Every structure is written in C-alpha cells, then in structure tokens.
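Let me begin by presenting the structure, written as structure tokens, before commenting on it.
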Amino acid sequence: MARYTKEHKQETRQRIVATAGRRLKRDGIDGSGVATLMKDADLTNGAFYAHFDSKDDLVAEAITDQLHALHANIVELAEPGPAGLEQVVRWYLSAHHRDNPGDGCPNAALLDEIGRCADPIRQTYTDALLVVIDGLAARMASDGSPSARVKALSLLGLMAGTLQLSRALADRQLSDELLEQGLRNALALVGAGPQP
C-alpha cells in the first residue's frame with residue numbers, strides 16, 4: 001500500500017476543511033453528513049477518520065477556517081478606518097452575499113446551529129470570531145477599547161440577523177428593502193460614510 005507524504009495529507013485535510021466549510025454554510029451542520037462532506041472533497045467515507053476523530057472536529061476546524069478566510073479576504077483587505085468599515089458593511093448586506101451563502105460569512109449561515117453545539121465547538125467559534133471582531137473594532141476606535149469590541153459584536157449581530165432574515169423571506173422585494181434598511185442601520189451604528 002502506497003504511503004502519502006505529510007504534505008499530501010495536509011493538502012487533503014485542507015481540501016476537506018474548505019469544501020466542508022462551503023457545504024456547512026449552504027446546508028447547515030445538521031444537514032451535512034460525513035458522506036456528503038467527503039464526497040464534496042472527492043474522497044471516500046473511509047478516508048474521513050484518517051484526518052478527523054469526529055464530525056465535530058471537522059465542523060470546528062471548518063468554522064475556524066471560514067472565519068479566518070472572512071478576516072483575511074474581507075476585513076483585512078478593507079481600507080483602514082471608517083471607510084474600510086463601510087466597505088465591510090456594504091459587502092455583508094449585499095444581495096450578492098444574501099444569494100450566495102456558500103461563499104459568504106459563516107455567521108449568518110450557521111449561528112443558530114453553532115449556538116446548539118457542544119462547548120468545544122462554541123469555544124473554537126468564539127476564538128476565531130474574535131479575530132474578525134477585533135479587525136472591525138480596530139476600524140471603530142484606534143485605541144482598541146473594550147467598548148469598540150462590544151460595538152463590533154453588536155454590528156455583526158445586526159448584520160448577521162438582517163442577512164439571515166433577508167434569506168428567509170420569499171418576497172424578493174421585501175428582502176431587498178430589508179437589506180437596504182439594514183445597511184442604513186449598520187452605517188448609522190458605526191457612523192460610517194453617507195447614508196444610502
């Protein structure tokens with residue numbers, strides 16, 4: 001039997017984590033079985049346990065990976081200060097983000113399920129989320145004050161809730177109007193830029 005290198009095993013693991021992250025955001029934690037997650041990565045079910053001890057281990061790593069990607073690809077790439085904060089808010093509360101949950105933020109897609117997960121997943125989520133939150137808070141206050149962190153958490157809560165509700169509405173016009181109002185509310189909360 002051929003042995004794979006450590007690099008190959010790590011690349012395979014990362015492929016599983018990345019494809020699982022997208023699937024979890026589309027179908028939820030409960031709606032994504034190990035067989036489906038492995039099929040998405042073009043692997044067999046039997047290969048799962050060569051990489052993870054349990055589905056919970058994969059879920060925790062996939063959520064962390066998705067939050068780190070959100071931070072690296074959206075928050076860190078935004079301009080510094082209030083202008084960057086406005087960029088993040090406008091991306092988050094966009095029709096494109098609403099219509100593509102697999103490519104978006106894991107918060108709006110998974111918060112309800114994460115809240116029901118075991119403590120280790122919730123702790124892993126919290127640790128990864130705080131990286132995103134601190135990136136937002138840094139654009140709110142240059143001193144990194146605790147109040148900026150709480151304000152950033154509140155902003156994310158407003159945006160994630162608005163996005164979740166906009167995804168659930170069958171009436172597209174009402175969903176669009178909700179996104180527009182959510183955008184106004186979020187920008188007012190952070191005092192960023194002109195109101196739409």
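Chain lettering (A, B, ...) mirrors the order of the structure tokens, residue numbering begins at 1 for each chain separately, and ligand numbering begins at 1 in order of display.
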Using DSSP on the backbone coordinates, identify all residues within stretch 3-120 of chain A classified as helix (DSSP H, G or I); present the result as JSON, numbers by chain.
{"A": [6, 7, 8, 9, 10, 11, 12, 13, 14, 15, 16, 17, 18, 19, 20, 21, 22, 23, 24, 25, 26, 27, 34, 35, 36, 37, 38, 39, 40, 45, 46, 47, 48, 49, 50, 55, 56, 57, 58, 59, 60, 61, 62, 63, 64, 65, 66, 67, 68, 69, 70, 71, 72, 73, 74, 75, 81, 82, 83, 84, 85, 86, 87, 88, 89, 90, 91, 92, 95, 96, 97, 98, 99, 101, 102, 103, 106, 107, 108, 109, 110, 111, 112, 113, 114, 119, 120]}
May I have the residues within 8 Å of A:Ala60 as a PyMOL selection string, using only C-alpha atoms and disregarding those fewer than 2 positions away in the same chain?
chain A and resi 56-58+62-64+120-121+124-125
Please save N, CA, C and O atoms of the selected residues as a CSV table (one decimal), in the first residue's frame.
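Writing done, so here's again-v1.csv:
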chain,number,residue,atom,x,y,z
A,56,ASP,N,-17.6,16.5,14.7
A,56,ASP,CA,-17.5,17.8,15.5
A,56,ASP,C,-16.1,18.4,15.3
A,56,ASP,O,-15.9,19.6,15.2
A,57,ASP,N,-15.0,17.5,15.2
A,57,ASP,CA,-13.7,18.1,14.9
A,57,ASP,C,-13.6,18.8,13.6
A,57,ASP,O,-13.0,19.8,13.5
A,58,LEU,N,-14.2,18.1,12.6
A,58,LEU,CA,-14.3,18.8,11.3
A,58,LEU,C,-15.1,20.1,11.3
A,58,LEU,O,-14.6,21.1,10.7
A,62,ALA,N,-13.6,23.6,10.2
A,62,ALA,CA,-14.2,24.3,9.1
A,62,ALA,C,-14.7,25.7,9.4
A,62,ALA,O,-14.5,26.6,8.7
A,63,ILE,N,-15.4,25.8,10.6
A,63,ILE,CA,-15.9,27.1,11.0
A,63,ILE,C,-14.7,28.0,11.2
A,63,ILE,O,-14.7,29.2,10.8
A,64,THR,N,-13.7,27.6,11.9
A,64,THR,CA,-12.5,28.4,12.1
A,64,THR,C,-11.9,28.8,10.8
A,64,THR,O,-11.5,30.0,10.6
A,120,PRO,N,-16.9,22.7,23.1
A,120,PRO,CA,-15.6,22.9,22.3
A,120,PRO,C,-15.8,23.6,21.0
A,120,PRO,O,-15.0,24.4,20.6
A,121,ILE,N,-16.9,23.3,20.3
A,121,ILE,CA,-17.2,24.0,19.0
A,121,ILE,C,-17.5,25.4,19.3
A,121,ILE,O,-17.0,26.3,18.6
A,124,THR,N,-14.2,27.2,20.1
A,124,THR,CA,-13.4,27.4,18.8
A,124,THR,C,-14.0,28.5,18.0
A,124,THR,O,-13.3,29.3,17.5
A,125,TYR,N,-15.3,28.5,17.9
A,125,TYR,CA,-16.0,29.6,17.1
A,125,TYR,C,-15.7,30.9,17.7
A,125,TYR,O,-15.4,31.9,17.0
Considering only C-alpha atoms, give me a table of residues in stretch 39-103 of chain A that are at most 10 Å from stretch 153-170 of chain A, with the closest atom pair and distance in Å for each, as a Markdown table.
| residue | atom | partner | partner_atom | distance |
| --- | --- | --- | --- | --- |
| A:Val89 | CA | A:Met159 | CA | 7.6 |
| A:Arg90 | CA | A:Met159 | CA | 9.9 |
| A:Tyr92 | CA | A:Met159 | CA | 7.0 |
| A:Leu93 | CA | A:Leu163 | CA | 6.5 |
| A:Ser94 | CA | A:Leu163 | CA | 8.6 |
| A:Ala95 | CA | A:Ser166 | CA | 9.0 |
| A:His97 | CA | A:Leu163 | CA | 8.2 |
| A:Arg98 | CA | A:Arg167 | CA | 5.9 |
| A:Asp99 | CA | A:Arg167 | CA | 7.4 |
| A:Asn100 | CA | A:Arg167 | CA | 9.7 |
| A:Pro101 | CA | A:Arg167 | CA | 8.9 |
Take the residues from that selection and put them in a file with C-alpha atoms, as a short mmCIF file (atom, residue, chain, number, x, y, z; two decimals), in the first residue's frame.
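New file out.cif:
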data_model
loop_
_atom_site.label_atom_id
_atom_site.label_comp_id
_atom_site.auth_asym_id
_atom_site.auth_seq_id
_atom_site.Cartn_x
_atom_site.Cartn_y
_atom_site.Cartn_z
CA VAL A 89 -20.87 46.60 5.87
CA ARG A 90 -21.77 47.15 2.22
CA TYR A 92 -22.06 41.98 4.11
CA LEU A 93 -25.50 43.45 3.48
CA SER A 94 -25.46 42.99 -0.28
CA ALA A 95 -27.83 40.99 -2.47
CA HIS A 97 -23.94 37.90 -0.17
CA ARG A 98 -27.59 37.08 0.54
CA ASP A 99 -27.85 34.96 -2.60
CA ASN A 100 -24.56 33.06 -2.16
CA PRO A 101 -24.39 31.69 1.38
#
Which of these, A:Arg122, A:Tyr49, A:Arg15, A:Pro82, has the shortest distance to A:Leu187 once you count only C-alpha atoms?
A:Pro82
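Closest approach to A:Asp134 among A:Ala118, A:Val59, A:Leu77, A:Ala152: A:Ala152, based on only C-alpha atoms.
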Quick one: residues within 12 Å of A:Glu86, only C-alpha atoms counted, chain neighbours fewer than 6 positions away excluded, as a VMD selection string?
chain A and resid 74 to 75 78 to 80 92 to 93 136 139 to 140 155 183 to 196
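Separating atom CA of A:His68 from atom CA of A:Gln14 is a distance of 13.2 Å.
Atom CA of A:Arg22 to atom CA of A:Pro106 spans 8.8 Å [interatomic distance, one decimal].
Nearest residue to A:Gly81 among A:Ala109, A:Ala47, A:Ala138, A:Ile16 is A:Ala138, counting only C-alpha atoms.
Using only C-alpha atoms, the shortest contact distance between A:His71 and any of A:Cys105, A:Met38, A:Leu174, A:Asp27 is found at A:Cys105.
Picture a line from atom CA of A:Leu111 to atom CA of A:Gln181; it runs 21.5 Å.
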Counting only C-alpha atoms, which of A:Asn73, A:Asn107, A:Thr12, A:Thr36 gets nearest to A:Lys55?
A:Thr36
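Proximity to A:Val132 was assessed for A:Gln66, A:Gly104, A:Leu43, A:His96 counting only C-alpha atoms; the smallest distance is recorded for A:Gln66.
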